[in-house]
Each structure stands twice: as C-alpha cells, then as structure tokens.
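Containing TSV, C-alpha atoms: entry-v9.tsv.
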chain	number	residue	atom	x	y	z
J	1	MET	CA	2.09	-8.70	-33.80
J	2	ALA	CA	4.41	-5.93	-32.66
J	3	THR	CA	7.89	-7.42	-32.41
J	4	GLN	CA	9.04	-4.42	-30.36
J	5	SER	CA	7.01	-5.65	-27.40
J	6	ILE	CA	8.88	-8.95	-27.06
J	7	THR	CA	12.37	-10.09	-26.30
J	8	THR	CA	13.85	-13.53	-26.84
J	9	ARG	CA	16.13	-15.10	-24.28
J	10	GLY	CA	19.51	-16.45	-25.31
J	11	PRO	CA	19.95	-20.14	-26.10
J	12	ILE	CA	21.18	-21.03	-22.58
J	13	SER	CA	19.44	-19.61	-19.52
J	14	ALA	CA	20.76	-19.27	-15.98
J	15	SER	CA	19.16	-22.61	-15.13
J	16	GLY	CA	21.34	-24.28	-17.77
J	17	THR	CA	18.36	-25.61	-19.73
J	18	PRO	CA	18.49	-24.65	-23.40
J	19	ASP	CA	15.95	-21.96	-24.28
J	20	ALA	CA	14.51	-21.94	-20.73
J	21	VAL	CA	13.04	-18.73	-19.38
J	22	ASP	CA	13.86	-17.86	-15.76
J	23	MET	CA	12.35	-15.40	-13.30
J	24	THR	CA	14.00	-11.99	-13.17
J	25	SER	CA	16.15	-11.25	-10.11
J	26	MET	CA	13.37	-9.05	-8.69
J	27	GLN	CA	10.83	-11.85	-9.12
J	28	SER	CA	13.19	-14.38	-7.46
J	29	MET	CA	13.65	-12.00	-4.55
J	30	ALA	CA	9.86	-11.42	-4.32
J	31	ARG	CA	9.31	-15.21	-4.22
J	32	LYS	CA	11.48	-15.42	-1.09
J	33	MET	CA	10.22	-12.23	0.57
J	34	TRP	CA	6.43	-12.41	0.39
J	35	ILE	CA	6.10	-14.83	3.32
J	36	PRO	CA	8.40	-12.91	5.78
J	37	PHE	CA	6.67	-9.62	4.88
J	38	THR	CA	3.17	-11.04	5.37
J	39	VAL	CA	4.08	-12.84	8.62
J	40	MET	CA	5.81	-9.74	10.05
J	41	GLY	CA	2.78	-7.62	9.08
J	42	VAL	CA	0.32	-9.96	10.78
J	43	MET	CA	2.56	-10.14	13.87
J	44	ILE	CA	2.83	-6.34	14.14
J	45	VAL	CA	-0.94	-5.84	13.75
J	46	GLY	CA	-1.54	-8.62	16.32
J	47	ILE	CA	0.99	-7.17	18.77
J	48	SER	CA	-0.65	-3.72	18.37
J	49	PHE	CA	-4.02	-5.24	19.25
J	50	LEU	CA	-2.56	-6.98	22.30
J	51	ILE	CA	-0.87	-3.76	23.46
J	52	GLY	CA	-4.20	-1.97	23.13
J	53	LEU	CA	-6.09	-4.71	24.95
J	54	PHE	CA	-3.74	-5.64	27.78
J	55	PHE	CA	-1.70	-2.47	28.28
J	56	LEU	CA	-3.54	0.63	27.11
J	57	THR	CA	-7.07	-0.36	28.17
J	58	PRO	CA	-6.23	-1.00	31.89
J	59	THR	CA	-4.17	2.22	32.01
J	60	VAL	CA	-7.04	4.28	30.54
J	61	SER	CA	-9.44	2.57	32.92
J	62	ASP	CA	-7.17	3.34	35.92
J	63	TYR	CA	-6.75	6.96	34.85
J	64	PHE	CA	-10.46	7.66	34.47
J	65	ASP	CA	-11.27	5.97	37.79
J	66	HIS	CA	-10.12	9.24	39.39
J	67	SER	CA	-12.22	12.41	39.51
J	68	LYS	CA	-11.35	15.27	37.14
J	69	VAL	CA	-10.13	17.36	40.07
J	70	ASP	CA	-7.75	14.58	41.15
J	71	ARG	CA	-6.55	14.02	37.60
J	72	ASP	CA	-5.87	17.71	36.99
J	73	SER	CA	-4.19	18.35	40.35
J	74	ALA	CA	-1.96	15.24	40.28
J	75	VAL	CA	1.72	16.15	40.46
J	76	ALA	CA	4.53	14.88	38.21
J	77	GLY	CA	5.73	11.46	39.35
J	78	SER	CA	2.36	10.43	40.74
J	79	ASP	CA	0.56	7.33	39.44
J	80	ILE	CA	-2.14	9.46	37.80
J	81	VAL	CA	0.38	11.52	35.81
J	82	ASP	CA	2.31	8.35	34.93
J	83	ASP	CA	-0.92	6.85	33.59
J	84	LYS	CA	-1.57	9.98	31.52
J	85	VAL	CA	2.00	9.88	30.15
J	86	THR	CA	1.59	6.19	29.24
J	87	ILE	CA	-1.75	6.86	27.50
J	88	GLU	CA	-0.49	9.83	25.48
J	89	THR	CA	2.84	8.27	24.46
J	90	THR	CA	1.21	4.99	23.44
J	91	LYS	CA	-1.43	6.88	21.43
J	92	ALA	CA	1.42	8.69	19.68
J	93	TRP	CA	3.43	5.67	18.47
J	94	LEU	CA	0.91	2.80	18.30
J	95	PRO	CA	-1.02	3.96	15.17
J	96	GLY	CA	2.29	4.35	13.27
J	97	PHE	CA	3.24	0.80	14.31
J	98	LYS	CA	-0.15	-0.55	13.16
J	99	PHE	CA	0.18	1.17	9.79
J	100	LEU	CA	3.69	-0.28	9.42
J	101	GLY	CA	2.18	-3.74	9.99
J	102	LEU	CA	-0.54	-3.13	7.38
J	103	GLY	CA	2.12	-1.77	5.01
J	104	LEU	CA	4.22	-4.92	5.41
J	105	MET	CA	1.15	-7.05	4.64
J	106	LEU	CA	0.41	-5.00	1.50
J	107	GLY	CA	4.10	-5.25	0.58
J	108	GLY	CA	3.78	-9.03	0.98
J	109	ILE	CA	0.80	-9.01	-1.40
J	110	THR	CA	2.82	-6.98	-3.92
J	111	PHE	CA	5.68	-9.49	-3.67
J	112	LEU	CA	3.18	-12.31	-4.13
J	113	LEU	CA	1.85	-10.65	-7.30
J	114	ALA	CA	5.43	-10.25	-8.56
J	115	THR	CA	5.90	-14.00	-7.91
J	116	ILE	CA	2.75	-14.74	-9.94
J	117	ILE	CA	4.14	-12.63	-12.80
J	118	GLY	CA	7.44	-14.56	-12.54
J	119	ASN	CA	5.62	-17.90	-12.62
J	120	LEU	CA	3.59	-16.81	-15.64
J	121	ARG	CA	6.83	-15.84	-17.34
J	122	VAL	CA	8.52	-19.20	-16.61
J	123	ALA	CA	5.43	-21.29	-17.42
J	124	GLY	CA	4.82	-19.33	-20.64
J	125	GLY	CA	8.42	-19.94	-21.72
J	126	ASN	CA	8.20	-23.65	-20.86
J	127	VAL	CA	4.93	-24.12	-22.79
J	128	GLN	CA	6.42	-22.44	-25.86
J	129	ARG	CA	9.51	-24.65	-25.62
J	130	ALA	CA	7.38	-27.78	-25.14
J	131	ILE	CA	5.41	-27.13	-28.32
J	132	GLY	CA	8.57	-26.51	-30.29
J	133	ALA	CA	8.46	-22.72	-30.58
J	134	SER	CA	11.25	-20.36	-29.61
J	135	PRO	CA	10.38	-19.02	-26.11
J	136	GLN	CA	9.50	-15.34	-26.12
J	137	VAL	CA	8.57	-13.24	-23.11
J	138	LEU	CA	6.91	-9.85	-22.85
J	139	LYS	CA	9.33	-6.97	-22.54
J	140	LYS	CA	8.81	-5.46	-19.08
J	141	PRO	CA	5.86	-3.04	-19.49
J	142	LEU	CA	5.76	0.40	-17.83
J	143	THR	CA	3.41	-0.90	-15.13
J	144	GLY	CA	5.94	-3.65	-14.38
J	145	GLN	CA	8.67	-1.03	-13.92
J	146	LEU	CA	6.50	1.22	-11.77
J	147	PHE	CA	4.90	-1.18	-9.29
J	148	PRO	CA	8.09	-2.09	-7.35
J	149	MET	CA	8.89	1.65	-7.09
J	150	ALA	CA	5.38	2.47	-5.80
J	151	MET	CA	5.65	-0.35	-3.27
J	152	MET	CA	9.09	0.79	-2.04
J	153	MET	CA	7.92	4.41	-1.84
J	154	GLY	CA	4.92	3.35	0.26
J	155	MET	CA	7.08	1.26	2.58
J	156	MET	CA	9.60	4.10	3.02
J	157	ILE	CA	6.80	6.56	3.88
J	158	LEU	CA	5.35	4.16	6.47
J	159	ILE	CA	8.77	3.50	8.02
J	160	ALA	CA	9.38	7.28	8.16
J	161	THR	CA	5.98	7.91	9.78
J	162	PHE	CA	6.73	5.22	12.37
J	163	ILE	CA	10.08	6.85	13.21
J	164	ILE	CA	8.34	10.25	13.47
J	165	SER	CA	5.69	8.60	15.70
J	166	ILE	CA	8.42	7.41	18.09
J	167	TRP	CA	9.85	10.94	18.20
J	168	LEU	CA	6.32	12.29	18.76
J	169	ALA	CA	5.89	9.85	21.66
J	170	SER	CA	9.01	11.31	23.30
J	171	GLN	CA	7.56	14.81	22.84
J	172	ALA	CA	4.26	13.64	24.36
J	173	ASN	CA	6.20	12.10	27.25
J	174	SER	CA	8.01	15.36	28.03
J	175	TYR	CA	4.80	17.42	27.76
J	176	TRP	CA	2.38	15.25	29.75
J	177	ASP	CA	4.84	14.49	32.58
J	178	HIS	CA	3.58	17.61	34.41
J	179	SER	CA	0.66	18.54	36.59
J	180	ILE	CA	-2.26	19.72	34.45
J	181	ALA	CA	-3.59	22.25	36.97
J	182	THR	CA	-0.32	23.77	38.21
J	183	GLU	CA	2.02	23.45	35.21
J	184	LEU	CA	0.30	22.69	31.90
J	185	ASN	CA	-2.75	24.97	32.12
J	186	PRO	CA	-0.87	28.09	33.36
J	187	ALA	CA	1.98	27.63	30.82
J	188	ALA	CA	3.01	31.07	29.54
J	189	ALA	CA	3.04	32.06	25.89
J	190	GLY	CA	6.39	31.10	24.31
J	191	SER	CA	7.17	28.56	27.04
J	192	ALA	CA	8.74	25.19	26.28
J	193	LEU	CA	5.54	23.45	27.38
J	194	LEU	CA	3.33	25.33	24.91
J	195	SER	CA	5.93	24.78	22.23
J	196	ASP	CA	5.78	21.00	22.94
J	197	LEU	CA	1.96	21.06	22.81
J	198	SER	CA	2.01	22.98	19.56
J	199	THR	CA	4.54	20.53	18.06
J	200	ILE	CA	2.50	17.49	19.16
J	201	GLN	CA	-0.79	18.82	17.78
J	202	SER	CA	0.60	20.13	14.49
J	203	THR	CA	2.65	16.97	13.83
J	204	GLN	CA	-0.40	14.77	14.43
J	205	ALA	CA	-2.35	16.96	11.98
J	206	TRP	CA	-0.13	15.97	9.02
J	207	LEU	CA	1.21	12.63	10.22
J	208	THR	CA	-2.15	10.82	9.94
J	209	PRO	CA	-2.75	11.81	6.29
J	210	LEU	CA	0.90	10.98	5.53
J	211	LYS	CA	0.30	7.40	6.71
J	212	PHE	CA	-2.58	7.18	4.24
J	213	VAL	CA	-0.30	8.55	1.50
J	214	GLY	CA	2.03	5.62	2.24
J	215	MET	CA	-0.91	3.21	2.03
J	216	ALA	CA	-1.99	4.88	-1.22
J	217	PHE	CA	1.41	4.16	-2.78
J	218	LEU	CA	1.16	0.52	-1.68
J	219	PHE	CA	-2.32	0.17	-3.19
J	220	THR	CA	-1.04	1.82	-6.38
J	221	GLY	CA	1.74	-0.79	-6.49
J	222	ILE	CA	-0.79	-3.63	-6.12
J	223	ALA	CA	-3.05	-2.21	-8.84
J	224	LEU	CA	-0.09	-1.75	-11.21
J	225	ALA	CA	1.11	-5.31	-10.51
J	226	LEU	CA	-2.38	-6.60	-11.39
J	227	ALA	CA	-2.33	-4.53	-14.59
J	228	THR	CA	1.03	-6.17	-15.41
J	229	ILE	CA	-0.57	-9.62	-14.97
J	230	VAL	CA	-3.29	-8.58	-17.45
J	231	GLN	CA	-0.64	-7.58	-19.99
J	232	VAL	CA	1.33	-10.84	-19.52
J	233	LEU	CA	-1.82	-12.96	-19.96
J	234	ARG	CA	-2.81	-11.04	-23.09
J	235	PHE	CA	0.69	-11.44	-24.52
J	236	GLN	CA	0.60	-15.19	-23.90
J	237	SER	CA	-2.79	-15.56	-25.66
J	238	ARG	CA	-1.43	-13.57	-28.60
J	239	ARG	CA	1.75	-15.68	-28.70
J	240	LEU	CA	-0.25	-18.92	-28.72
J	241	VAL	CA	-2.34	-17.68	-31.64
J	242	GLU	CA	0.86	-16.60	-33.39
J	243	ILE	CA	2.41	-20.09	-32.96
J	244	ALA	CA	-0.77	-21.76	-34.21
J	245	GLY	CA	-0.64	-19.45	-37.22
J	246	GLY	CA	2.77	-20.85	-38.10
J	247	ALA	CA	5.07	-18.02	-37.08
J	248	LYS	CA	7.69	-19.09	-34.52
S	1	MET	CA	-17.83	-18.00	-31.83
S	2	ALA	CA	-14.25	-16.97	-31.11
S	3	THR	CA	-11.67	-17.30	-33.86
S	4	LEU	CA	-7.89	-17.18	-33.73
S	5	GLU	CA	-7.96	-13.95	-35.77
S	6	GLY	CA	-10.50	-12.43	-33.40
S	7	ILE	CA	-8.44	-13.37	-30.36
S	8	SER	CA	-5.29	-12.03	-31.99
S	9	ARG	CA	-7.06	-8.74	-32.72
S	10	SER	CA	-8.62	-8.44	-29.26
S	11	THR	CA	-5.32	-9.11	-27.45
S	12	THR	CA	-3.32	-6.57	-29.45
S	13	GLY	CA	-2.47	-3.39	-27.56
S	14	GLN	CA	-3.83	-2.46	-24.16
S	15	HIS	CA	-7.14	-3.75	-22.82
S	16	PRO	CA	-9.71	-0.93	-23.35
S	17	SER	CA	-11.03	-1.11	-19.76
S	18	LEU	CA	-7.55	-0.85	-18.27
S	19	LYS	CA	-7.61	2.93	-18.80
S	20	TRP	CA	-10.60	3.16	-16.43
S	21	ALA	CA	-8.63	1.30	-13.81
S	22	TYR	CA	-5.67	3.68	-14.29
S	23	LEU	CA	-8.05	6.63	-14.03
S	24	LEU	CA	-9.51	5.36	-10.75
S	25	ILE	CA	-6.05	4.69	-9.29
S	26	ALA	CA	-4.80	8.15	-10.35
S	27	ALA	CA	-7.94	9.77	-8.87
S	28	ALA	CA	-7.46	7.85	-5.60
S	29	LEU	CA	-3.79	8.82	-5.38
S	30	MET	CA	-4.70	12.47	-6.03
S	31	ILE	CA	-7.41	12.44	-3.32
S	32	VAL	CA	-5.07	11.01	-0.69
S	33	LEU	CA	-2.14	13.26	-1.69
S	34	VAL	CA	-4.33	16.38	-1.71
S	35	VAL	CA	-5.62	15.50	1.75
S	36	GLY	CA	-2.04	15.09	2.96
S	37	ILE	CA	-0.98	18.44	1.53
S	38	THR	CA	-4.13	20.41	2.39
S	39	VAL	CA	-4.03	19.74	6.10
S	40	GLY	CA	-2.01	22.71	7.14
S	41	PHE	CA	-0.47	23.81	10.32
S	42	LEU	CA	-3.54	25.41	11.88
S	43	ALA	CA	-3.01	23.33	15.00
S	44	ASP	CA	0.45	24.83	15.39
S	45	ASP	CA	-1.07	28.33	15.28
S	46	TYR	CA	-3.83	27.54	17.76
S	47	TYR	CA	-1.83	25.67	20.40
S	48	SER	CA	0.91	28.33	20.53
S	49	ASP	CA	-1.42	30.45	22.66
S	50	THR	CA	-1.81	29.92	26.41
S	51	LYS	CA	-4.76	27.93	27.71
S	52	ALA	CA	-6.30	31.07	29.22
S	53	VAL	CA	-6.23	32.84	25.83
S	54	ARG	CA	-7.55	29.73	24.06
S	55	ASP	CA	-10.39	29.37	26.57
S	56	ALA	CA	-11.26	33.07	26.26
S	57	GLY	CA	-11.51	32.57	22.49
S	58	GLY	CA	-9.62	35.65	21.33
S	59	ALA	CA	-9.60	37.12	17.84
S	60	GLY	CA	-9.19	34.42	15.21
S	61	LEU	CA	-8.74	31.65	17.76
S	62	LEU	CA	-12.35	30.50	17.68
S	63	SER	CA	-12.16	30.41	13.91
S	64	ASP	CA	-8.94	28.31	14.12
S	65	LEU	CA	-10.57	25.98	16.65
S	66	GLY	CA	-13.64	25.65	14.45
S	67	THR	CA	-11.45	24.73	11.48
S	68	ILE	CA	-9.38	22.24	13.52
S	69	MET	CA	-12.55	20.58	14.78
S	70	ALA	CA	-14.29	20.69	11.38
S	71	ILE	CA	-11.40	19.21	9.35
S	72	PRO	CA	-11.80	15.63	10.66
S	73	ALA	CA	-15.49	15.79	9.73
S	74	TRP	CA	-14.60	15.79	6.02
S	75	LEU	CA	-10.99	14.58	6.15
S	76	VAL	CA	-11.75	11.09	7.43
S	77	PRO	CA	-14.56	10.38	4.92
S	78	LEU	CA	-12.36	11.80	2.13
S	79	ILE	CA	-9.49	9.47	3.08
S	80	PHE	CA	-11.89	6.53	3.02
S	81	LEU	CA	-13.26	7.76	-0.33
S	82	GLY	CA	-9.68	7.68	-1.63
S	83	LEU	CA	-9.17	4.13	-0.33
S	84	ALA	CA	-12.55	3.06	-1.76
S	85	THR	CA	-11.49	4.45	-5.14
S	86	PHE	CA	-8.34	2.29	-4.94
S	87	PHE	CA	-10.46	-0.77	-4.25
S	88	ALA	CA	-12.71	0.14	-7.20
S	89	GLY	CA	-9.63	0.40	-9.45
S	90	ILE	CA	-8.32	-2.95	-8.18
S	91	ALA	CA	-11.76	-4.53	-8.72
S	92	VAL	CA	-11.77	-3.28	-12.33
S	93	VAL	CA	-8.32	-4.84	-12.94
S	94	LEU	CA	-9.44	-8.13	-11.33
S	95	ALA	CA	-12.52	-8.16	-13.59
S	96	ILE	CA	-10.21	-7.62	-16.59
S	97	ILE	CA	-8.04	-10.54	-15.39
S	98	ILE	CA	-11.11	-12.81	-15.37
S	99	LYS	CA	-11.98	-11.73	-18.92
S	100	THR	CA	-8.36	-12.17	-20.02
S	101	LEU	CA	-8.21	-15.67	-18.52
S	102	GLN	CA	-11.38	-16.58	-20.45
S	103	THR	CA	-9.80	-15.27	-23.67
S	104	ARG	CA	-6.64	-17.21	-22.88
S	105	GLY	CA	-8.71	-20.38	-22.43
S	106	GLN	CA	-10.36	-19.81	-25.81
S	107	ALA	CA	-6.95	-19.20	-27.40
S	108	MET	CA	-5.66	-22.50	-25.97
S	109	GLU	CA	-8.82	-24.32	-27.07
S	110	LEU	CA	-8.40	-23.12	-30.66
S	111	ALA	CA	-4.62	-22.99	-30.97
S	112	LEU	CA	-3.49	-26.22	-29.30
S	113	PRO	CA	-5.33	-28.67	-31.65
S	114	LEU	CA	-3.84	-26.79	-34.62
S	115	ILE	CA	-0.33	-26.85	-33.13
S	116	LEU	CA	-0.61	-30.55	-32.23
S	117	SER	CA	-1.94	-31.54	-35.67
S	118	LYS	CA	0.90	-29.58	-37.29
S	119	ARG	CA	3.42	-31.44	-35.11
S	120	ALA	CA	1.77	-34.79	-35.93
S	121	ASN	CA	1.93	-34.01	-39.66
S	122	ALA	CA	5.56	-32.98	-39.40
S	123	THR	CA	6.41	-36.23	-37.56
S	124	THR	CA	4.57	-38.31	-40.20
S	125	GLU	CA	6.42	-36.54	-43.02
S	126	GLU	CA	9.76	-37.11	-41.32
S	127	ALA	CA	8.92	-40.81	-40.87
Let's see the structure in the file written out as structure tokens.
Amino acid sequence: MATQSITTRGPISASGTPDAVDMTSMQSMARKMWIPFTVMGVMIVGISFLIGLFFLTPTVSDYFDHSKVDRDSAVAGSDIVDDKVTIETTKAWLPGFKFLGLGLMLGGITFLLATIIGNLRVAGGNVQRAIGASPQVLKKPLTGQLFPMAMMMGMMILIATFIISIWLASQANSYWDHSIATELNPAAAGSALLSDLSTIQSTQAWLTPLKFVGMAFLFTGIALALATIVQVLRFQSRRLVEIAGGAK
Amino acid sequence: MATLEGISRSTTGQHPSLKWAYLLIAAALMIVLVVGITVGFLADDYYSDTKAVRDAGGAGLLSDLGTIMAIPAWLVPLIFLGLATFFAGIAVVLAIIIKTLQTRGQAMELALPLILSKRANATTEEA
C-alpha cells in the first residue's frame, strides 16, 4: 500500500479524544451550510414561479388584450406601455434569479456531499481506533481539492449573471418606456434608443450561455465530490485489508 | 470468491472506470464553455441599424438576422447535450460508488473475523 497517500493524525485531536479523527474545517462548514443553501434555493425557485404566475401572467394577458395598433401607438406613461415595461424588465431579471436559486440548490448538494466525505472520514477513523489500529485517513485527493473551487466558481458566475440581469432590466426599462410607433420604430441610427436595444439584445445573447457555464461548474463540483467519495471508500477497504493482514 | 489479496489489489490506485467519468465531465464542460464563447455579438451588429433599415433587409443584415434566428435552433439542444453529458458522468460515478460499496462490504466480511480472532487470541495470551 502506498504510504504517500495517507496521513496519520496526531495523538490528540481537536475533539480531545486520543487518536480521534475530526472533520476538516471545510467539511464542518459544509455540514452547517447545506440546509440554508438548499432552503434558499427552493425558496428562490418557488418565488420565481409565483412571480411568473401571479405577476407576469396577468400583465402579459392585459397587454395582449389590446389590438396591435393600440399597443404600438400607446404613449409613454400609459397603462399599455407600463405593461410592456413590466413584461420586458421582468423577463430580463427573472431567469437570472431562477438560475441563482438552482445554483444555490446545487451548492447545497455539493455541501451535502462534502458532509458525507467528512462523515466517512470520522467514521473510518473511529472504526480503526475501535479495532485497535492507528487511525489513518486519506490525504486529500486532487478531486477533493478541486470540487470546492468548481462549486465556488459556479456560484460566483451565477451571482454575477444575476447582477448583470438586474442591470439589463434597467436597460430594458429605459428602452421600452417609449411609444413603439412614434419613438422606438423611427429611432435614428446612432441614437440612444438603438444603442439601448443593441445592448439589450447582445447582452442577452451571451448572458444565457454564461448561466449554463455557471451551472456546468456546479455540476463539475458535484461529479468531483462523488469521485472523492469513491476514493475515500476504496481507501477504507484497502485499510481494512491492511489491518487484517497485520500491518497497523 | 473474493479474497483479501484480491480486494487489496483491486482497491489500489484509481478505479479504472473513473477515467470515463472524468472524460464525460470534461467533454460536458467543454461543450458548455464553447457554446458560451461561440455566441458572438451578432445581435449587437444587427440591432445597431434603424428599424427601417432592418425591415428593408439591407446588405448583410438578412444574413445576420438568419444567423441570430438560427443560433437558438442548435444552441439550446447543444446546451442540453452538455447538461446530459454531465448527468451521464455523474451516473457513471454513482455506479462506481455502488461497486465500491459492494467491495467494501466484502472487505469487511473477510477482514473483520480475522481482526476479531486476532484480538481474541491476543487477549487470551495476555490472560
């Protein structure tokens, strides 16, 4: 068995029990954080659904109750234009909010997997101690070092996309708060209105894939955490065989 | 029939199937990243023109519009392909965990009686 892959804890652990193996600080933090992350994620996704159902749907319904001529000729400040502004701004920030909720849920799953790894570490150490062997734990593998980074990267990307979505909503607000027929359609080349439209459309073009990049990092973190669990379980089987073979 | 030596050998180093999982995850990450990078700023180009020019479909504008409209046709399925590849990678790792848990069970089944009998012998000798 490769001795390079294992480390032995000192005689007294943080818990004060001789030879006990404790969770790492990251695992202890993950044990406390997985519930808040998951609950916040579920709440955000639920709130997004309620906003869509009780706020966006009636507004869209109201807006399309009017004829196209009425909608296009409505002036800034009218109910029709206000409805259009509400629809476009909500469509700009709501997907980012939903993705943030999903990201928090995936972050919660990653924390939960880190807690499982921590429990395997503690239980493995306790079993070794109980059968009279010196407790040894697997030295943190590369996957174990990478998964928290992938998770944090994913979360940062999703938070950034949500902030950009809020900014995009303000751009959408300033663009759509005009009459379509008399202001938006005749907007001259190089005007502020066309510049706003161009910014909105081009930002949306890369913002959606960026949200998926954030999700991709979170999924990578989950897969790497699972791979770490595989390595811990394999180490523990090997250690048991080693103890049975006489080597402590 | 599993033996302690066999288990020791099979649990040394990395699980052979884990590389397939890494490959799937890397492929998925590449797909999603490439999609993110590839989507350019065509929309910026197109919407800089006035509505009258856009509606008239001037030189290059129809081509830009065609590209803008065509991108979602392959972009959305490609994103989902990337996500599906992640799920495939995760499924492979979960399958490996099942196999590893079975091996761990066998290791306990074989090793614990030996360890306990050794302890019993040691206690008898001490007595």
Listed atoms of region 14-25 of chain S boxed axis-aligned with 5 Å per side, centre + edges as AutoDock Vina command-line options:
--center_x -7.4 --center_y 1.4 --center_z -16.7 --size_x 17.2 --size_y 20.4 --size_z 24.9
* Asked: How many Å lie between CA of Arg234 (chain J) and CA of Thr24 (chain J), rounded to one decimal?
  -> 19.5 Å
* Asked: With distances taken over only C-alpha atoms, which of J:Ser170, J:Met215, J:Arg239, J:Ile131 is nearest to Phe80 (chain S)?
  -> J:Met215
* To do: Mind giving me the straight-line distance from CA of Leu94 (chain J) to CA of Ile47 (chain J) in Å, one decimal?
  =>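 CA of Leu94 (chain J) sits 10.0 Å away from CA of Ile47 (chain J).
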* Structure fact -> Between J:Val230, J:Ala130, J:Ala30, J:Leu56, smallest distance to Thr89 (chain J) by all atoms listed in the file belongs to J:Leu56
* **Neighbour list for Gln231 (chain J) as a PyMOL selection string, cut-off 12 Å, only C-alpha atoms, skip fewer than 6 positions in-chain** => (chain J and resi 5-6+117+120-121+137-144+224-225+237-238) or (chain S and resi 11-16+18+93+96-97+100-101+104)
* Using all atoms listed in the file, find which residues of chain S lie within 8 Å of chain J and jot them down as number ranges by chain. => S: 4-5, 7-8, 11-12, 14, 18, 25, 28-29, 32-33, 35-37, 39-52, 79, 83, 86, 89-90, 93-94, 96-97, 100-101, 103-104, 107-108, 111-112, 114-116
* CA of Met151 (chain J) to CA of Ala123 (chain J): how many Å, to one decimal? ->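 About the pair CA of Met151 (chain J) and CA of Ala123 (chain J): they are 25.3 Å apart.
The nearest approach to Asp79 (chain J) among the residues J:Met149, J:His66, J:Phe49, J:Thr182, with all atoms listed in the file taken into account, belongs to J:His66.
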* Asked: Skipping near chain neighbours, those fewer than 4 positions away, what residues fall within 12 Å of Thr57 (chain J) using all atoms listed in the file, listed as a PyMOL selection string?
  -> chain J and resi 49-53+61-64+83+86-87+90-91
* Asked: Taking into account only C-alpha atoms, which residue in the set S:Ala127, S:Val92, S:Ile98, S:Leu81 is nearest to Leu23 (chain S)?
  ->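 Smallest separation from Leu23 (chain S) among the options: S:Val92.
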* To do: Name the closest residue to Ile163 (chain J) among the candidates J:Leu102, J:Leu146, J:Pro36, J:Pro95; distances are taken between atoms, counting all atoms listed in the file.
  =>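 Using all atoms listed in the file, the shortest distance to Ile163 (chain J) belongs to J:Pro95.
For the residues J:Gly118, J:Val60, J:Glu88, J:Leu100, ranking by smallest atom-to-atom distance to Ser48 (chain J) using only C-alpha atoms places J:Leu100 first.
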* To do: Find the residues near Met29 (chain J): any atom within 12 Å, counting all atoms listed in the file, skip ones fewer than 3 places away on the same chain, and give them as a PyMOL selection string.
  => chain J and resi 23-26+32-37+108+110-112+114-115+118+148
